[in-house]
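> To be precise about what I am sending: the file is called work.cif and holds mmCIF, C-alpha atoms.
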```
data_entry
#
loop_
_atom_site.label_atom_id
_atom_site.label_comp_id
_atom_site.auth_asym_id
_atom_site.auth_seq_id
_atom_site.Cartn_x
_atom_site.Cartn_y
_atom_site.Cartn_z
CA MET A 1 -1.03 -6.16 6.40
CA ASN A 2 -3.18 -9.29 6.16
CA ASP A 3 -6.25 -7.21 5.43
CA THR A 4 -9.43 -8.03 3.53
CA THR A 5 -9.39 -6.11 0.28
CA GLY A 6 -9.78 -9.08 -2.03
CA PRO A 7 -12.27 -9.89 -4.80
CA PHE A 8 -15.28 -10.03 -2.47
CA PHE A 9 -14.71 -6.49 -1.25
CA LEU A 10 -14.04 -5.23 -4.76
CA PHE A 11 -17.44 -6.62 -5.69
CA ILE A 12 -19.02 -4.86 -2.71
CA LEU A 13 -17.22 -1.67 -3.68
CA ALA A 14 -18.72 -1.88 -7.16
CA LEU A 15 -22.19 -2.04 -5.61
CA LEU A 16 -21.42 0.94 -3.38
CA ILE A 17 -20.29 2.95 -6.39
CA VAL A 18 -23.38 2.07 -8.40
CA PHE A 19 -25.90 2.68 -5.63
CA GLY A 20 -24.09 5.38 -3.66
CA ILE A 21 -25.26 8.95 -3.54
CA SER A 22 -23.30 11.13 -5.95
CA SER A 23 -22.31 14.69 -5.24
CA SER A 24 -19.99 16.75 -7.39
CA SER A 25 -19.94 19.68 -4.99
CA LYS A 26 -17.11 20.04 -2.50
CA ILE A 27 -18.14 21.38 0.91
CA ASN A 28 -16.12 24.24 2.30
CA LEU A 29 -14.10 23.11 5.30
CA GLY A 30 -14.31 26.21 7.45
CA PHE A 31 -17.72 25.63 9.00
CA ARG A 32 -16.55 22.31 10.41
CA TYR A 33 -14.27 24.10 12.83
CA ILE A 34 -17.11 26.04 14.46
CA GLY A 35 -17.49 24.96 18.06
CA LEU A 36 -14.27 22.95 18.14
CA PRO A 37 -12.28 23.84 21.29
CA PRO A 38 -8.51 24.26 21.09
CA MET A 39 -6.68 20.94 21.21
CA ARG A 40 -5.66 19.96 24.74
CA ARG A 41 -1.98 20.39 25.55
CA GLU A 42 -1.48 16.72 26.35
CA TYR A 43 -2.80 15.79 22.91
CA LYS A 44 -0.40 18.21 21.26
CA ASP A 45 2.37 16.58 23.28
CA ILE A 46 1.28 13.19 21.96
CA LEU A 47 1.44 14.47 18.41
CA ARG A 48 4.89 15.95 18.97
CA SER A 49 6.11 12.68 20.47
CA TYR A 50 4.84 10.29 17.82
CA CYS A 51 3.94 12.15 14.63
CA ARG A 52 6.99 13.30 12.65
CA PHE A 53 4.71 14.75 9.95
CA TYR A 54 3.13 17.07 12.54
CA ARG A 55 6.48 18.09 14.04
CA GLU A 56 7.74 19.28 10.67
CA LEU A 57 4.77 21.57 10.00
CA SER A 58 4.92 25.33 10.52
CA ALA A 59 3.10 26.76 13.56
CA GLU A 60 0.17 27.86 11.38
CA LYS A 61 -0.10 24.47 9.70
CA LYS A 62 0.17 22.70 13.05
CA SER A 63 -2.92 24.61 14.17
CA GLU A 64 -4.78 23.58 11.01
CA PHE A 65 -3.66 19.97 11.46
CA GLU A 66 -4.94 19.97 15.05
CA LYS A 67 -8.35 21.22 13.95
CA ARG A 68 -8.57 18.58 11.27
CA VAL A 69 -7.62 15.86 13.74
CA GLN A 70 -10.32 17.05 16.13
CA TYR A 71 -12.92 17.09 13.39
CA PHE A 72 -11.93 13.57 12.32
CA ILE A 73 -12.34 12.38 15.91
CA LYS A 74 -15.74 14.03 16.11
CA SER A 75 -16.88 12.42 12.86
CA LYS A 76 -16.02 8.81 13.80
CA ILE A 77 -17.16 6.20 16.30
CA PHE A 78 -14.17 4.56 18.01
CA ILE A 79 -14.98 1.11 19.33
CA PRO A 80 -12.76 -0.88 21.74
CA ARG A 81 -12.41 -4.62 21.27
CA GLY A 82 -10.68 -6.19 24.25
CA PHE A 83 -10.20 -2.78 25.88
CA ASP A 84 -12.38 -1.14 28.52
CA GLN A 85 -12.33 2.09 26.53
CA VAL A 86 -10.66 3.93 23.67
CA THR A 87 -8.22 6.43 25.13
CA GLY A 88 -7.64 9.98 23.97
CA GLU A 89 -4.18 8.96 22.81
CA MET A 90 -5.67 6.28 20.57
CA LYS A 91 -8.16 8.68 19.02
CA VAL A 92 -5.56 11.40 18.44
CA LEU A 93 -2.89 9.18 16.88
CA ILE A 94 -5.26 7.20 14.66
CA SER A 95 -6.93 10.40 13.50
CA ALA A 96 -3.55 12.08 12.93
CA THR A 97 -2.53 9.20 10.68
CA ALA A 98 -5.68 9.68 8.60
CA ILE A 99 -5.16 13.45 8.37
CA GLN A 100 -1.49 12.98 7.45
CA LEU A 101 -2.55 10.92 4.46
CA THR A 102 -5.46 13.17 3.45
CA TYR A 103 -3.57 16.40 4.18
CA GLY A 104 -3.60 17.45 0.53
CA PHE A 105 -7.41 17.17 0.44
CA PRO A 106 -8.91 19.48 3.08
CA ASN A 107 -12.45 18.23 2.40
CA VAL A 108 -11.67 14.52 2.71
CA TYR A 109 -12.35 12.81 6.04
CA LEU A 110 -12.97 9.24 4.84
CA LYS A 111 -16.68 9.90 5.15
CA HIS A 112 -17.76 6.40 4.13
CA PHE A 113 -15.97 4.77 7.05
CA LYS A 114 -18.07 5.54 10.12
CA ARG A 115 -16.46 3.26 12.71
CA ILE A 116 -12.92 2.48 13.78
CA LEU A 117 -12.45 -0.76 15.73
CA ILE A 118 -9.34 -1.16 17.87
CA TYR A 119 -7.98 -4.48 19.16
CA PRO A 120 -5.08 -4.83 21.61
CA ASP A 121 -3.14 -7.14 19.27
CA ASN A 122 -3.69 -9.27 16.16
CA TYR A 123 -7.29 -10.44 15.94
CA TYR A 124 -9.16 -13.26 14.25
CA SER A 125 -11.18 -12.33 11.17
CA THR A 126 -14.36 -14.36 10.76
CA ILE A 127 -14.48 -13.35 7.09
CA ASN A 128 -11.43 -15.21 5.84
CA LYS A 129 -10.54 -17.23 8.97
CA LEU A 130 -7.13 -15.63 9.47
CA TYR A 131 -5.45 -13.45 12.08
CA HIS A 132 -4.99 -9.83 11.02
CA GLN A 133 -3.23 -6.69 12.13
CA GLY A 134 -5.75 -4.48 10.35
CA GLU A 135 -8.36 -4.30 7.63
CA VAL A 136 -10.68 -1.94 5.80
CA ASN A 137 -14.22 -3.18 5.24
CA PRO A 138 -16.25 -1.03 2.82
CA LEU A 139 -19.40 -3.11 3.29
CA ASN A 140 -19.56 -2.57 7.05
CA LYS A 141 -17.97 0.89 6.74
CA ILE A 142 -15.25 0.10 9.26
CA ILE A 143 -11.50 0.41 9.67
CA VAL A 144 -9.97 -2.16 12.04
CA LEU A 145 -6.57 -1.83 13.73
CA SER A 146 -4.34 -3.75 16.12
CA TRP A 147 -3.14 -1.14 18.61
CA LYS A 148 0.13 -2.98 19.23
CA SER A 149 0.95 -3.05 15.52
CA PHE A 150 -0.28 0.51 15.05
CA MET A 151 2.04 1.83 17.76
CA ARG A 152 4.97 -0.16 16.44
CA GLY A 153 4.52 1.70 13.17
CA MET A 154 4.42 5.05 14.97
CA ILE A 155 7.56 4.35 16.99
CA GLU A 156 9.61 2.68 14.25
CA ASP A 157 8.91 5.39 11.74
CA GLN A 158 11.73 4.92 9.24
CA ASP A 159 11.46 1.27 8.21
CA GLY A 160 8.68 1.61 5.62
CA VAL A 161 6.22 -0.44 7.68
CA ASN A 162 3.35 1.43 9.30
CA LEU A 163 0.00 -0.25 9.93
CA GLY A 164 -1.91 3.00 10.36
CA LEU A 165 -0.70 4.47 7.07
CA HIS A 166 -1.22 1.13 5.35
CA GLU A 167 -4.87 0.80 6.34
CA MET A 168 -5.65 4.49 5.82
CA ALA A 169 -4.14 4.14 2.34
CA HIS A 170 -6.68 1.41 1.58
CA ALA A 171 -9.42 3.61 2.99
CA ILE A 172 -8.49 6.71 0.94
CA ARG A 173 -8.26 4.66 -2.26
CA LEU A 174 -11.70 3.22 -1.64
CA GLU A 175 -13.15 6.58 -0.57
CA ASN A 176 -12.09 8.06 -3.89
CA MET A 177 -14.28 5.50 -5.70
CA ILE A 178 -17.38 5.53 -3.47
CA ARG A 179 -20.04 8.00 -4.57
CA ASN A 180 -20.56 10.53 -1.81
CA SER A 181 -19.55 14.16 -1.21
CA GLU A 182 -15.89 13.09 -1.10
CA TYR A 183 -16.02 11.15 -4.36
CA ASN A 184 -13.36 11.36 -7.10
CA PHE A 185 -10.83 13.66 -5.44
CA PHE A 186 -7.81 12.00 -7.08
CA ASP A 187 -6.71 13.55 -10.37
CA GLN A 188 -7.72 10.92 -12.91
CA SER A 189 -4.80 11.45 -15.28
CA VAL A 190 -2.31 11.25 -12.41
CA LEU A 191 -4.07 8.14 -11.10
CA ALA A 192 -3.82 6.48 -14.51
CA HIS A 193 -0.09 7.24 -14.66
CA TRP A 194 0.37 5.95 -11.11
CA GLU A 195 -1.36 2.68 -11.97
CA GLU A 196 0.84 2.22 -15.02
CA LEU A 197 4.03 2.72 -13.01
CA ALA A 198 2.68 0.60 -10.15
CA ARG A 199 2.03 -2.37 -12.42
CA GLU A 200 5.66 -2.27 -13.56
CA GLU A 201 6.91 -2.27 -9.97
CA ILE A 202 4.53 -5.07 -9.00
CA GLN A 203 6.00 -7.20 -11.77
CA LYS A 204 9.46 -6.59 -10.30
CA LEU A 205 8.28 -7.65 -6.87
CA GLN A 206 6.67 -10.78 -8.27
CA SER A 207 9.85 -11.71 -10.15
CA ASP A 208 12.04 -11.25 -7.04
CA SER A 209 13.90 -8.30 -8.56
CA LEU A 210 15.56 -5.89 -6.16
CA SER A 211 13.17 -3.27 -4.79
CA ILE A 212 12.88 -1.05 -1.72
CA PHE A 213 9.29 -2.26 -1.31
CA ARG A 214 8.55 -5.43 0.61
CA LYS A 215 7.18 -8.36 -1.34
CA TYR A 216 3.69 -8.00 0.14
CA GLY A 217 3.31 -4.99 -2.14
CA GLY A 218 3.39 -7.37 -5.11
CA THR A 219 0.16 -9.04 -3.99
CA SER A 220 -2.11 -6.61 -5.84
CA GLU A 221 -2.37 -3.00 -6.98
CA GLU A 222 -4.27 -2.19 -3.79
CA GLU A 223 -1.55 -3.61 -1.58
CA PHE A 224 1.19 -1.95 -3.60
CA PHE A 225 -0.48 1.43 -3.15
CA ALA A 226 -0.63 0.91 0.62
CA VAL A 227 3.01 -0.24 0.81
CA ALA A 228 4.12 2.69 -1.36
CA VAL A 229 2.29 5.13 0.94
CA GLU A 230 4.15 3.70 3.94
CA ASN A 231 7.48 4.28 2.21
CA TYR A 232 6.44 7.71 0.93
CA PHE A 233 6.02 9.04 4.45
CA GLU A 234 8.60 6.95 6.32
CA ARG A 235 11.46 6.75 3.79
CA PRO A 236 10.86 9.57 1.30
CA ASP A 237 14.52 10.14 0.42
CA LEU A 238 15.15 6.45 -0.28
CA PHE A 239 11.89 6.18 -2.25
CA LYS A 240 12.73 9.22 -4.37
CA GLN A 241 16.26 8.01 -5.04
CA TYR A 242 15.02 4.54 -5.97
CA HIS A 243 12.24 5.59 -8.35
CA PRO A 244 11.90 9.38 -8.85
CA SER A 245 8.99 9.13 -11.29
CA LEU A 246 6.96 6.83 -9.04
CA PHE A 247 7.65 9.09 -6.05
CA ASP A 248 6.69 12.28 -7.89
CA THR A 249 3.53 10.69 -9.25
CA LEU A 250 2.45 9.63 -5.78
CA SER A 251 3.17 13.16 -4.53
CA LYS A 252 0.88 14.56 -7.21
CA LEU A 253 -1.76 11.94 -6.51
CA LEU A 254 -1.83 12.76 -2.79
CA ASN A 255 -1.45 16.49 -3.53
CA GLN A 256 1.51 16.61 -1.16
CA ASN A 257 5.25 17.12 -1.14
CA VAL A 258 6.96 15.45 1.80
#
```
Mind turning this structure into structure tokens?

Amino acid sequence: MNDTTGPFFLFILALLIVFGISSSSKINLGFRYIGLPPMRREYKDILRSYCRFYRELSAEKKSEFEKRVQYFIKSKIFIPRGFDQVTGEMKVLISATAIQLTYGFPNVYLKHFKRILIYPDNYYSTINKLYHQGEVNPLNKIIVLSWKSFMRGMIEDQDGVNLGLHEMAHAIRLENMIRNSEYNFFDQSVLAHWEELAREEIQKLQSDSLSIFRKYGGTSEEEFFAVAVENYFERPDLFKQYHPSLFDTLSKLLNQNV
């Protein structure tokens, strides 16, 4: 999605891993819900309107999802760029996208990324002098999104293109490598198998072989992961039919079963 996850940021990530604070303990989630009010009805309506993942949950799991969304909102700073303010709808839908992706990891809230910047449309990146729809910046601890592109992904939810999922996929992959209390939540053996299968699919994309994934996924392993995540949630049946082993491995990696 024209984001900045190239060599410079991989270098920065290496520094974060080396100098980050390590913690092998996993904090129990329950205490985080203390003091959280019930989600407002209009926010539940927003989730029902735009979040297919939420709609398909049982009543009990919907309640859990709502709490996790509220905690994610509470834990982040949402910053408008070109807007007067960040609306409740923006906070709820962006947070729901993050929780959808981290649903299999109840203790993971993308802790490293403190701020979420929201632009009305594509924006100019001063880092690589290009216009972007979104990016994940581990150095500045930010996730950046174009609201127009984000909402297009929410509305057109079966085409395998979803900016929110794409950028949150970059964030979760990075979060897994950064040493903090959320470090190393991916199963390492499953991750190794995923990377092996991913490299094979990237080669297909680079050689113009037929694939359900768009060619941008052949740019790098990071971009392929993000593109695969989009398809996993938006076109799971097609993904599974196309490459059952790749689909099942991603399910295990995310600790989910869509």
> At a cut-off of 12 Å around the point (9.2, -8.7, -7.2) (file coordinates), what residues fall inside when counting all atoms listed in the file? I'd like the answer as an NGL selection string.
:A and (198-220 or 224)
> Taking all atoms listed in the file into account, name the residue in A:His112, A:Val69, A:Glu89, A:Arg152 that is nearest to Leu139 (chain A).
A:His112
> Looking at all atoms listed in the file, which of A:Gly88, A:Pro106, A:Gly35, A:Gly153 is the one that sits closest to Gln256 (chain A)?
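Among the listed residues, A:Pro106 lies closest to Gln256 (chain A).
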> Can you work out the spacing between CA of Asn231 (chain A) and CA of Val86 (chain A) in Å, to one decimal?
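So the answer is 28.1 Å.
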> Which of these, A:Asp84, A:Glu60, A:Asp159, A:Glu195, has the shortest distance to Leu253 (chain A) once you count all atoms listed in the file?
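For Leu253 (chain A), the nearest of the given residues is A:Glu195.
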> How would you write, as a list in words, the residues chosen by the PyMOL selection byres ((chain A and resi 46-54) around 8) on this structure?
Glu42, Tyr43, Lys44, Asp45, Arg55, Glu56, Leu57, Lys62, Phe65, Glu89, Val92, Leu93, Ala96, Gln100, Met154 and Ile155 of chain A
> For the atom pair CA of Arg40 (chain A) and CA of Ile94 (chain A), what is the interatomic distance in Å to one decimal place?
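CA of Arg40 (chain A) sits 16.3 Å away from CA of Ile94 (chain A).
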> Assuming the chain letters and numbering stay as they are in my file, what does the PyMOL selection byres ((chain A and resi 146) around 9) actually select? List them as number ranges by chain.
A: 117-123, 132-134, 144-145, 147-151, 163
> Show me as a VMD selection string the residues that reach within 12 Å of (-10.9, 11.4, -6.7), counting only C-alpha atoms and using the file's own coordinates.
chain A and resid 23 to 24 26 102 104 to 105 107 to 108 110 172 to 192 253 to 255
> Tell me which of A:Pro80, A:Tyr103, A:Ile143, A:Ala171 sits closest to Ser251 (chain A), counting all atoms listed in the file.
A:Tyr103
> Name the residues captured by the PyMOL selection byres ((chain A and resi 75) around 12) when it is applied to the shown file; answer as a ChimeraX atom specification.
/A:32-33,68-74,76-78,91,95,108-116
> How far is it from CA of Met90 (chain A) to CA of Gly164 (chain A), in Å with one decimal?
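So the answer is 11.4 Å.
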> My list of candidates is A:Gln241, A:Ser63, A:Ser125, A:Thr97. Which is closest to Asn137 (chain A) when distances are computed with only C-alpha atoms?
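Under the stated criterion, the closest residue is A:Ser125.
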> Which is closest to Phe225 (chain A) among A:Leu250, A:Met39, A:Leu238, A:Ala59, if we use all atoms listed in the file?
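Ranked by minimum distance to Phe225 (chain A), first place goes to A:Leu250.
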